[in-house]
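File shown: entry03.txt. Contents: compact mmCIF, C-alpha atoms.
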# COMPACT_ATOMS: atom_id res chain seq x y z
CA MET A 22 -35.98 -94.58 4.44
CA ASN A 23 -37.59 -91.37 3.18
CA ARG A 24 -40.91 -90.51 4.78
CA SER A 25 -42.90 -87.38 4.02
CA SER A 26 -46.39 -86.12 4.74
CA ALA A 27 -46.67 -84.60 1.30
CA THR A 28 -48.11 -86.31 -1.76
CA PRO A 29 -45.23 -88.33 -3.19
CA THR A 30 -43.42 -86.99 -6.22
CA ASN A 31 -40.63 -89.15 -7.61
CA PRO A 32 -38.25 -89.03 -10.55
CA SER A 33 -38.97 -91.26 -13.54
CA PHE A 34 -38.63 -94.91 -12.51
CA HIS A 35 -36.76 -97.28 -14.76
CA THR A 36 -37.72 -100.94 -14.82
CA GLY A 37 -35.47 -103.95 -14.64
CA THR A 38 -35.56 -104.22 -18.43
CA GLY A 39 -34.48 -100.61 -18.94
CA HIS A 40 -37.90 -99.27 -20.00
CA ASP A 41 -39.48 -96.21 -18.45
CA LEU A 42 -42.62 -97.18 -16.52
CA ASP A 43 -44.72 -94.53 -18.23
CA ARG A 44 -43.84 -95.98 -21.62
CA ALA A 45 -44.53 -99.47 -20.32
CA PHE A 46 -48.19 -98.60 -19.71
CA PRO A 47 -49.24 -96.27 -22.53
CA THR A 48 -52.81 -97.64 -22.49
CA VAL A 49 -53.50 -97.46 -18.74
CA ALA A 50 -55.97 -94.62 -18.38
CA ALA A 51 -55.55 -92.52 -15.26
CA PRO A 52 -58.39 -93.32 -12.86
CA ARG A 53 -60.69 -90.53 -11.81
CA VAL A 54 -59.62 -89.30 -8.39
CA ALA A 55 -62.67 -89.07 -6.19
CA ARG A 56 -62.96 -86.86 -3.17
CA MET A 57 -62.83 -89.87 -0.92
CA THR A 58 -59.98 -92.33 -0.98
CA ARG A 59 -60.94 -95.67 -2.51
CA ILE A 60 -60.00 -98.45 -0.09
CA TYR A 61 -59.72 -102.00 -1.42
CA ALA A 62 -59.05 -105.16 0.58
CA ILE A 63 -57.48 -108.04 -1.35
CA ALA A 64 -58.78 -111.04 0.54
CA ASN A 65 -59.18 -114.80 0.41
CA GLN A 66 -58.74 -117.14 3.36
CA LYS A 67 -57.02 -119.65 1.08
CA GLY A 68 -53.26 -119.24 0.75
CA GLY A 69 -51.30 -119.30 -2.48
CA VAL A 70 -53.97 -117.75 -4.68
CA GLY A 71 -52.03 -114.62 -5.67
CA LYS A 72 -53.32 -112.06 -3.16
CA THR A 73 -50.00 -110.33 -2.61
CA THR A 74 -48.97 -110.51 -6.27
CA THR A 75 -52.30 -108.97 -7.22
CA ALA A 76 -52.09 -106.26 -4.54
CA VAL A 77 -48.54 -105.24 -5.46
CA ASN A 78 -49.08 -105.17 -9.21
CA VAL A 79 -52.48 -103.48 -9.23
CA ALA A 80 -51.09 -100.86 -6.83
CA ALA A 81 -48.06 -100.32 -9.08
CA CYS A 82 -50.19 -99.94 -12.20
CA VAL A 83 -52.64 -97.50 -10.60
CA ALA A 84 -49.73 -95.45 -9.23
CA ALA A 85 -48.05 -95.45 -12.66
CA ALA A 86 -51.27 -94.11 -14.14
CA GLY A 87 -50.97 -91.01 -11.96
CA SER A 88 -52.94 -91.73 -8.78
CA SER A 89 -51.03 -91.67 -5.49
CA THR A 90 -51.46 -95.10 -3.97
CA LEU A 91 -50.82 -96.63 -0.55
CA LEU A 92 -50.39 -100.37 0.03
CA LEU A 93 -50.71 -101.75 3.55
CA ASP A 94 -49.06 -105.11 4.16
CA MET A 95 -51.41 -106.78 6.65
CA ASP A 96 -49.67 -110.16 6.50
CA PRO A 97 -46.99 -111.17 9.07
CA GLN A 98 -45.25 -113.06 6.24
CA CYS A 99 -44.27 -109.60 4.88
CA ASN A 100 -44.38 -110.73 1.25
CA ALA A 101 -45.64 -107.41 -0.10
CA THR A 102 -42.97 -105.58 1.89
CA VAL A 103 -40.13 -107.74 0.61
CA GLY A 104 -41.64 -107.89 -2.87
CA LEU A 105 -41.27 -104.11 -3.12
CA GLY A 106 -37.65 -104.21 -1.97
CA LEU A 107 -38.12 -103.22 1.69
CA SER A 108 -36.86 -104.86 4.85
CA LYS A 109 -39.04 -106.69 7.38
CA ALA A 110 -37.23 -104.74 10.12
CA ILE A 111 -38.46 -101.25 9.19
CA THR A 112 -40.14 -99.23 11.91
CA PRO A 113 -42.67 -97.81 12.25
CA ASN A 114 -44.74 -100.45 10.50
CA VAL A 115 -48.35 -101.62 10.28
CA TYR A 116 -48.09 -103.29 13.71
CA ASP A 117 -47.13 -99.94 15.23
CA CYS A 118 -50.15 -98.35 13.54
CA LEU A 119 -52.54 -100.95 14.95
CA ALA A 120 -50.99 -100.61 18.40
CA GLY A 121 -51.35 -96.82 18.34
CA ARG A 122 -47.60 -96.18 18.43
CA SER A 123 -47.54 -94.55 14.99
CA THR A 124 -49.85 -92.98 12.44
CA VAL A 125 -50.26 -94.40 8.95
CA ALA A 126 -48.75 -91.23 7.53
CA GLU A 127 -45.63 -91.68 9.66
CA ALA A 128 -45.29 -95.36 8.73
CA ALA A 129 -45.75 -94.94 4.97
CA CYS A 130 -42.52 -95.64 3.04
CA GLU A 131 -41.77 -94.49 -0.47
CA THR A 132 -41.11 -97.34 -2.93
CA ALA A 133 -39.15 -97.45 -6.19
CA VAL A 134 -42.41 -97.10 -8.11
CA PRO A 135 -43.38 -93.43 -8.52
CA GLY A 136 -46.53 -92.60 -6.59
CA LEU A 137 -46.60 -95.91 -4.70
CA TRP A 138 -46.07 -95.98 -0.95
CA ILE A 139 -46.26 -98.90 1.45
CA VAL A 140 -46.83 -99.35 5.15
CA PRO A 141 -44.53 -102.33 5.71
CA SER A 142 -45.27 -105.40 7.77
CA THR A 143 -43.20 -107.24 10.35
CA PRO A 144 -43.19 -110.84 11.60
CA ASP A 145 -44.20 -109.38 14.97
CA LEU A 146 -47.60 -108.60 13.46
CA ALA A 147 -48.58 -112.20 14.18
CA ALA A 148 -49.00 -111.17 17.82
CA ALA A 149 -51.83 -108.86 16.80
CA ASN A 150 -54.02 -111.89 16.17
CA MET A 151 -54.02 -112.48 19.92
CA GLU A 152 -53.80 -108.88 21.11
CA LEU A 153 -56.49 -107.23 19.00
CA PRO A 154 -59.47 -109.30 20.28
CA ARG A 155 -58.69 -108.14 23.83
CA VAL A 156 -59.53 -104.55 22.85
CA PRO A 157 -63.22 -103.56 22.83
CA GLY A 158 -64.25 -102.65 19.28
CA PHE A 159 -61.01 -104.04 17.88
CA GLU A 160 -62.67 -104.61 14.51
CA SER A 161 -62.45 -100.87 13.76
CA THR A 162 -58.81 -100.34 14.78
CA LEU A 163 -57.48 -100.10 11.22
CA ARG A 164 -60.40 -97.97 10.05
CA GLU A 165 -59.60 -95.43 12.75
CA ALA A 166 -55.90 -95.52 11.88
CA LEU A 167 -56.68 -94.69 8.25
CA ARG A 168 -58.65 -91.55 9.06
CA GLY A 169 -57.12 -88.39 7.65
CA ILE A 170 -55.39 -89.84 4.58
CA ASP A 171 -58.05 -88.74 2.07
CA GLU A 172 -56.08 -85.73 0.87
CA ARG A 173 -52.87 -87.71 0.41
CA PHE A 174 -53.81 -90.93 -1.40
CA ALA A 175 -56.38 -91.64 -4.08
CA TYR A 176 -56.22 -95.41 -3.55
CA VAL A 177 -55.43 -97.60 -0.57
CA LEU A 178 -54.94 -101.36 -1.00
CA LEU A 179 -54.95 -103.72 1.97
CA ASP A 180 -53.05 -106.98 1.38
CA CYS A 181 -54.71 -109.46 3.76
CA PRO A 182 -53.22 -112.62 5.28
CA PRO A 183 -54.54 -116.05 4.21
CA SER A 184 -57.08 -116.34 7.02
CA LEU A 185 -60.30 -114.77 8.26
CA GLY A 186 -58.77 -113.77 11.59
CA PRO A 187 -58.58 -110.37 13.35
CA LEU A 188 -56.19 -108.81 10.80
CA THR A 189 -58.41 -109.67 7.84
CA VAL A 190 -61.51 -108.59 9.76
CA ASN A 191 -59.86 -105.20 10.40
CA ALA A 192 -59.09 -104.84 6.71
CA LEU A 193 -62.66 -105.71 5.69
CA VAL A 194 -64.13 -103.25 8.19
CA ALA A 195 -61.82 -100.51 6.89
CA ALA A 196 -62.38 -101.21 3.19
CA GLU A 197 -65.09 -100.08 0.81
CA ARG A 198 -64.53 -102.84 -1.72
CA VAL A 199 -63.03 -106.32 -1.83
CA LEU A 200 -60.98 -107.91 -4.59
CA VAL A 201 -61.02 -111.71 -4.40
CA PRO A 202 -58.21 -113.58 -6.20
CA LEU A 203 -59.13 -117.17 -7.06
CA GLN A 204 -56.78 -119.82 -8.32
CA SER A 205 -58.12 -121.83 -11.23
CA GLU A 206 -58.65 -125.06 -9.31
CA TYR A 207 -61.43 -126.99 -7.63
CA PHE A 208 -60.61 -126.07 -4.02
CA ALA A 209 -60.83 -122.38 -4.87
CA LEU A 210 -64.53 -122.88 -5.49
CA GLU A 211 -64.92 -124.88 -2.28
CA GLY A 212 -63.68 -121.98 -0.10
CA LEU A 213 -65.55 -119.26 -1.93
CA ALA A 214 -68.88 -119.82 -0.17
CA GLY A 215 -67.25 -119.41 3.25
CA LEU A 216 -65.55 -116.19 2.21
CA LEU A 217 -68.78 -114.71 0.84
CA ASP A 218 -70.58 -115.62 4.07
CA THR A 219 -67.89 -113.82 6.07
CA LEU A 220 -68.12 -110.74 3.86
CA SER A 221 -71.89 -110.70 4.33
CA LEU A 222 -71.47 -110.90 8.11
CA ILE A 223 -68.94 -108.04 8.13
CA LYS A 224 -71.30 -105.96 6.02
CA GLN A 225 -74.25 -106.58 8.33
CA GLN A 226 -72.47 -106.02 11.64
CA PHE A 227 -69.60 -103.61 11.04
CA ASN A 228 -69.35 -102.11 7.56
CA PRO A 229 -72.56 -101.57 5.56
CA ARG A 230 -70.65 -99.93 2.69
CA LEU A 231 -68.58 -103.07 1.97
CA THR A 232 -69.07 -104.57 -1.49
CA VAL A 233 -67.32 -107.20 -3.58
CA ALA A 234 -65.67 -105.27 -6.41
CA GLY A 235 -64.85 -108.45 -8.26
CA MET A 236 -63.18 -111.83 -8.44
CA ILE A 237 -59.91 -112.42 -10.28
CA LEU A 238 -58.84 -115.71 -11.80
CA THR A 239 -55.12 -116.14 -11.12
CA MET A 240 -52.45 -118.67 -12.06
CA HIS A 241 -54.66 -119.70 -14.94
CA ASP A 242 -53.44 -122.31 -17.40
CA ALA A 243 -55.92 -122.24 -20.26
CA ARG A 244 -54.40 -125.43 -21.69
CA THR A 245 -55.87 -127.57 -18.91
CA ARG A 246 -59.43 -128.85 -18.82
CA LEU A 247 -59.71 -128.07 -15.10
CA ALA A 248 -58.88 -124.39 -15.57
CA GLN A 249 -61.38 -124.13 -18.38
CA ASP A 250 -64.08 -125.78 -16.26
CA VAL A 251 -63.39 -123.52 -13.26
CA GLU A 252 -63.57 -120.39 -15.39
CA ARG A 253 -66.80 -121.56 -17.04
CA ASP A 254 -68.43 -122.30 -13.68
CA LEU A 255 -67.39 -118.95 -12.22
CA ARG A 256 -68.62 -117.02 -15.24
CA THR A 257 -71.90 -118.90 -15.07
CA HIS A 258 -72.55 -118.32 -11.37
CA PHE A 259 -70.76 -114.98 -10.80
CA ARG A 260 -71.01 -113.33 -14.20
CA GLU A 261 -71.33 -109.81 -12.83
CA LEU A 262 -68.47 -110.22 -10.34
CA LEU A 263 -65.75 -111.97 -12.34
CA PHE A 264 -63.29 -109.59 -14.00
CA GLU A 265 -62.77 -110.14 -17.71
CA THR A 266 -59.00 -110.17 -17.21
CA VAL A 267 -57.50 -113.54 -16.33
CA ILE A 268 -54.01 -113.69 -14.82
CA PRO A 269 -52.01 -116.49 -16.49
CA ARG A 270 -49.32 -118.67 -14.99
CA ASN A 271 -46.09 -116.88 -15.80
CA VAL A 272 -42.47 -117.46 -14.78
CA ARG A 273 -41.72 -113.74 -14.63
CA VAL A 274 -44.45 -113.22 -12.05
CA GLY A 275 -42.67 -115.68 -9.77
CA GLU A 276 -39.23 -114.17 -10.39
CA SER A 277 -40.01 -110.50 -9.81
CA PRO A 278 -40.30 -110.50 -5.97
CA SER A 279 -36.70 -111.70 -5.65
CA TYR A 280 -35.67 -108.47 -7.36
CA GLY A 281 -37.86 -106.34 -5.11
CA LEU A 282 -40.03 -105.24 -8.03
CA PRO A 283 -43.59 -105.77 -9.22
CA VAL A 284 -43.70 -107.84 -12.39
CA VAL A 285 -45.10 -104.82 -14.23
CA SER A 286 -41.74 -103.14 -13.56
CA TYR A 287 -39.50 -106.19 -13.77
CA ASP A 288 -40.69 -107.26 -17.23
CA PRO A 289 -43.52 -105.03 -18.49
CA SER A 290 -43.86 -106.95 -21.76
CA CYS A 291 -44.42 -110.41 -20.27
CA ALA A 292 -47.85 -112.03 -20.24
CA GLY A 293 -48.26 -111.60 -16.48
CA ALA A 294 -47.47 -107.88 -16.57
CA THR A 295 -49.80 -107.31 -19.51
CA ALA A 296 -52.60 -109.08 -17.66
CA TYR A 297 -52.10 -107.04 -14.48
CA ALA A 298 -52.10 -103.81 -16.49
CA SER A 299 -55.42 -104.88 -17.99
CA LEU A 300 -56.80 -105.74 -14.55
CA ALA A 301 -55.72 -102.35 -13.22
CA ARG A 302 -57.69 -100.67 -15.99
CA GLU A 303 -60.78 -102.63 -14.96
CA VAL A 304 -60.31 -101.68 -11.31
CA ALA A 305 -59.74 -98.03 -12.20
CA ALA A 306 -62.91 -98.04 -14.30
CA LEU A 307 -64.92 -98.82 -11.15
CA GLY A 308 -64.25 -95.25 -10.04

Represent the structure contained in this file as structure tokens.
Amino acid sequence: MNRSSATPTNPSFHTGTGHDLDRAFPTVAAPRVARMTRIYAIANQKGGVGKTTTAVNVAACVAAAGSSTLLLDMDPQCNATVGLGLSKAITPNVYDCLAGRSTVAEAACETAVPGLWIVPSTPDLAAANMELPRVPGFESTLREALRGIDERFAYVLLDCPPSLGPLTVNALVAAERVLVPLQSEYFALEGLAGLLDTLSLIKQQFNPRLTVAGMILTMHDARTRLAQDVERDLRTHFRELLFETVIPRNVRVGESPSYGLPVVSYDPSCAGATAYASLAREVAALG
């Protein structure tokens, strides 16, 4: 596995459908690269809402637009790692970074997507949920590990596990902004209040710069009355926070991880890929 401390430069990447990635996203404007790295946590304590799919595809789109991007897989399930074609057995990994055995720069692995790097996860990361709370000030472990990457990456995305445990807390303390994927169903609304309360607590006690960048409706089936009602309620109560882009249910989105590719590379013309490209433009527009 190639690791380098330099800003990644890769040859042109060809997608699973034979199209060059640059041609696949002709309308994705390159985000303005700020002096400070933009760090986003993709978080929701509810599982199965599209956190990893959103993290992988937004990261791929932003990287394709010309901004070097780092994705950290903070989930012991390793879905982001496997979804980008890497093994769960790679070392060093994010667990090594949290334990102080490796730096983030040393653990970053180049992916098949030009400009996109990942710090892979491992099933052993589950042990961190018990180990981290034993360390005084454990909430800032990841934030300290990320120091010094400003000159290398324009964007860092933290793919959180489906819980509000120590790993997610570390991601929220390290992040500037939070992206919240929400499935278009009733229980997504039920858990939202708890998540927002947790974000408020993190902001008050550990990370005053933390803000909610936006909420993303995922797995949306506009044909159903329930999905329509959920979207209407969210746009009524969270008008300023809900992204305009809605991610539809799409077979290609579910297929792409088995090929080790983001859907925006696997089938750039499908509805899911088009939606994630649109979402990436909205995220990039935030600066």

(message) If we count all atoms listed in the file and set the cut-off at 10 Å, which residues sit around Leu193 in chain A, ignoring sequence neighbours fewer than 5 positions away in its own chain? Please answer as a list in words.
(response)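 The neighbour list is Ile60, Tyr61, Ala62, Ile63, Ala64, Glu160, Ser161, Leu163, Arg164, Leu179, Cys181, Leu185, Pro187, Leu188, Arg198, Val199, Thr219, Leu220, Ile223, Lys224, Phe227, Asn228, Leu231 and Thr232 of chain A.
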
(message) Report, in Å with one decimal, the straight-line distance from CA of Pro283 in chain A to CA of Asp94 in chain A.
(response)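 Computing the Euclidean distance for CA of Pro283 in chain A and CA of Asp94 in chain A yields 14.5 Å.
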
(request) Would you mind reading off the distance between CA of Ala248 in chain A and CA of Glu206 in chain A, one decimal, in Å? (result)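 Answer for the CA of Ala248 in chain A to CA of Glu206 in chain A separation: 6.3 Å.
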
(request) Counting all atoms listed in the file, write as a VMD selection string all protein and nucleic acid residues lying at most 12 Å from (-51.0, -107.6, -19.9) in the file's frame. (result) chain A and resid 45 to 49 78 to 79 82 266 to 269 271 274 284 to 285 288 to 302

(request) Could you check how far CA of Leu263 in chain A sits from CA of Arg246 in chain A, in Å to one decimal? (result)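 Distance between the two atoms: 19.2 Å.
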
(request) Using only C-alpha atoms, find the one residue out of A:Leu255, A:Val304, A:Ala128, A:Ile170 that sits nearest to Leu200 in chain A. (result)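 Closest to Leu200 in chain A of all the choices is A:Val304.
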
(request) Write out as a VMD selection string which residues come within 12 Å of range 150-152 of chain A when counting only C-alpha atoms, dropping same-chain ones fewer than 6 positions away. (result) chain A and resid 95 to 97 116 119 to 120 144 159 to 160 162 182 184 to 191

Residue subset to file, keeping C-alpha atoms, as a JSON list (two decimals), keeping the file's coordinate frame:
[["chain", "number", "residue", "atom", "x", "y", "z"],
["A", 95, "MET", "CA", -51.41, -106.78, 6.65],
["A", 96, "ASP", "CA", -49.67, -110.16, 6.50],
["A", 97, "PRO", "CA", -46.99, -111.17, 9.07],
["A", 116, "TYR", "CA", -48.09, -103.29, 13.71],
["A", 119, "LEU", "CA", -52.54, -100.95, 14.95],
["A", 120, "ALA", "CA", -50.99, -100.61, 18.40],
["A", 144, "PRO", "CA", -43.19, -110.84, 11.60],
["A", 159, "PHE", "CA", -61.01, -104.04, 17.88],
["A", 160, "GLU", "CA", -62.67, -104.61, 14.51],
["A", 162, "THR", "CA", -58.81, -100.34, 14.78],
["A", 182, "PRO", "CA", -53.22, -112.62, 5.28],
["A", 184, "SER", "CA", -57.08, -116.34, 7.02],
["A", 185, "LEU", "CA", -60.30, -114.77, 8.26],
["A", 186, "GLY", "CA", -58.77, -113.77, 11.59],
["A", 187, "PRO", "CA", -58.58, -110.37, 13.35],
["A", 188, "LEU", "CA", -56.19, -108.81, 10.80],
["A", 189, "THR", "CA", -58.41, -109.67, 7.84],
["A", 190, "VAL", "CA", -61.51, -108.59, 9.76],
["A", 191, "ASN", "CA", -59.86, -105.20, 10.40]]

(message) Which residue is closest to Glu211 in chain A? Choose from A:Lys67, A:Arg155, A:Arg59, A:Arg256 and count only C-alpha atoms.
(response) A:Lys67

Could you work out an axis-aligned bounding box for all listed atoms of range 128-144 of chain A, with 8 Å added on each of the six sides, and give its centre and edge lengths in Å to one decimal, as JSON?
{"center_x": -43.0, "center_y": -101.7, "center_z": 1.5, "size_x": 23.7, "size_y": 34.2, "size_z": 36.1}

(request) Compile the contact shell of Arg168 in chain A as a VMD selection string: residues with an atom at most 12 Å away, counting all atoms listed in the file, same-chain residues fewer than 2 positions apart removed. (result) chain A and resid 57 to 58 60 118 124 to 126 161 to 166 170 to 174 177 195 to 196

(message) So that I can check the surroundings of range 107-111 of chain A, please list as a VMD selection string every protein, DNA and RNA residue that reaches within 10 Å of it, counting only C-alpha atoms and ignoring chain neighbours fewer than 5 positions away.
(response) chain A and resid 22 97 to 102 128 130 to 133 139 to 145 281

(message) Between A:Leu213, A:Pro229, A:Glu127, A:Leu222, which residue has the minimum interatomic distance to Phe259 in chain A, considering all atoms listed in the file?
(response) A:Leu213

Range 166-207 of chain A written out with C-alpha atoms as an mmCIF file, in the first residue's frame:
data_model
loop_
_atom_site.group_PDB
_atom_site.id
_atom_site.type_symbol
_atom_site.label_atom_id
_atom_site.label_comp_id
_atom_site.auth_asym_id
_atom_site.auth_seq_id
_atom_site.Cartn_x
_atom_site.Cartn_y
_atom_site.Cartn_z
ATOM 1 C CA ALA A 166 -3.925 13.256 16.176
ATOM 2 C CA LEU A 167 -5.162 15.458 13.319
ATOM 3 C CA ARG A 168 -2.838 18.350 14.125
ATOM 4 C CA GLY A 169 -0.373 19.139 11.364
ATOM 5 C CA ILE A 170 -2.410 17.990 8.348
ATOM 6 C CA ASP A 171 -3.527 21.473 7.271
ATOM 7 C CA GLU A 172 -0.944 21.760 4.512
ATOM 8 C CA ARG A 173 -1.728 18.333 3.087
ATOM 9 C CA PHE A 174 -5.527 18.064 2.904
ATOM 10 C CA ALA A 175 -8.189 20.633 2.125
ATOM 11 C CA TYR A 176 -11.002 18.458 3.483
ATOM 12 C CA VAL A 177 -11.192 15.785 6.154
ATOM 13 C CA LEU A 178 -14.334 13.660 6.556
ATOM 14 C CA LEU A 179 -14.922 11.550 9.656
ATOM 15 C CA ASP A 180 -17.261 8.587 9.104
ATOM 16 C CA CYS A 181 -18.769 7.939 12.552
ATOM 17 C CA PRO A 182 -20.183 4.679 13.929
ATOM 18 C CA PRO A 183 -23.939 4.380 14.600
ATOM 19 C CA SER A 184 -23.733 5.392 18.250
ATOM 20 C CA LEU A 185 -22.927 8.380 20.434
ATOM 21 C CA GLY A 186 -20.074 6.590 22.186
ATOM 22 C CA PRO A 187 -16.394 7.578 22.651
ATOM 23 C CA LEU A 188 -15.490 7.224 18.955
ATOM 24 C CA THR A 189 -18.282 9.532 17.809
ATOM 25 C CA VAL A 190 -17.531 11.965 20.629
ATOM 26 C CA ASN A 191 -13.902 12.112 19.459
ATOM 27 C CA ALA A 192 -15.034 12.840 15.917
ATOM 28 C CA LEU A 193 -17.394 15.614 17.051
ATOM 29 C CA VAL A 194 -14.702 17.232 19.195
ATOM 30 C CA ALA A 195 -12.277 17.140 16.248
ATOM 31 C CA ALA A 196 -14.734 18.419 13.640
ATOM 32 C CA GLU A 197 -15.784 21.923 12.683
ATOM 33 C CA ARG A 198 -19.043 20.895 11.043
ATOM 34 C CA VAL A 199 -21.469 17.985 11.144
ATOM 35 C CA LEU A 200 -23.372 16.413 8.270
ATOM 36 C CA VAL A 201 -26.434 14.493 9.464
ATOM 37 C CA PRO A 202 -27.879 11.866 7.082
ATOM 38 C CA LEU A 203 -31.537 11.095 7.774
ATOM 39 C CA GLN A 204 -33.534 8.282 6.284
ATOM 40 C CA SER A 205 -36.969 9.284 5.055
ATOM 41 C CA GLU A 206 -38.928 7.492 7.768
ATOM 42 C CA TYR A 207 -40.666 8.248 11.041
#
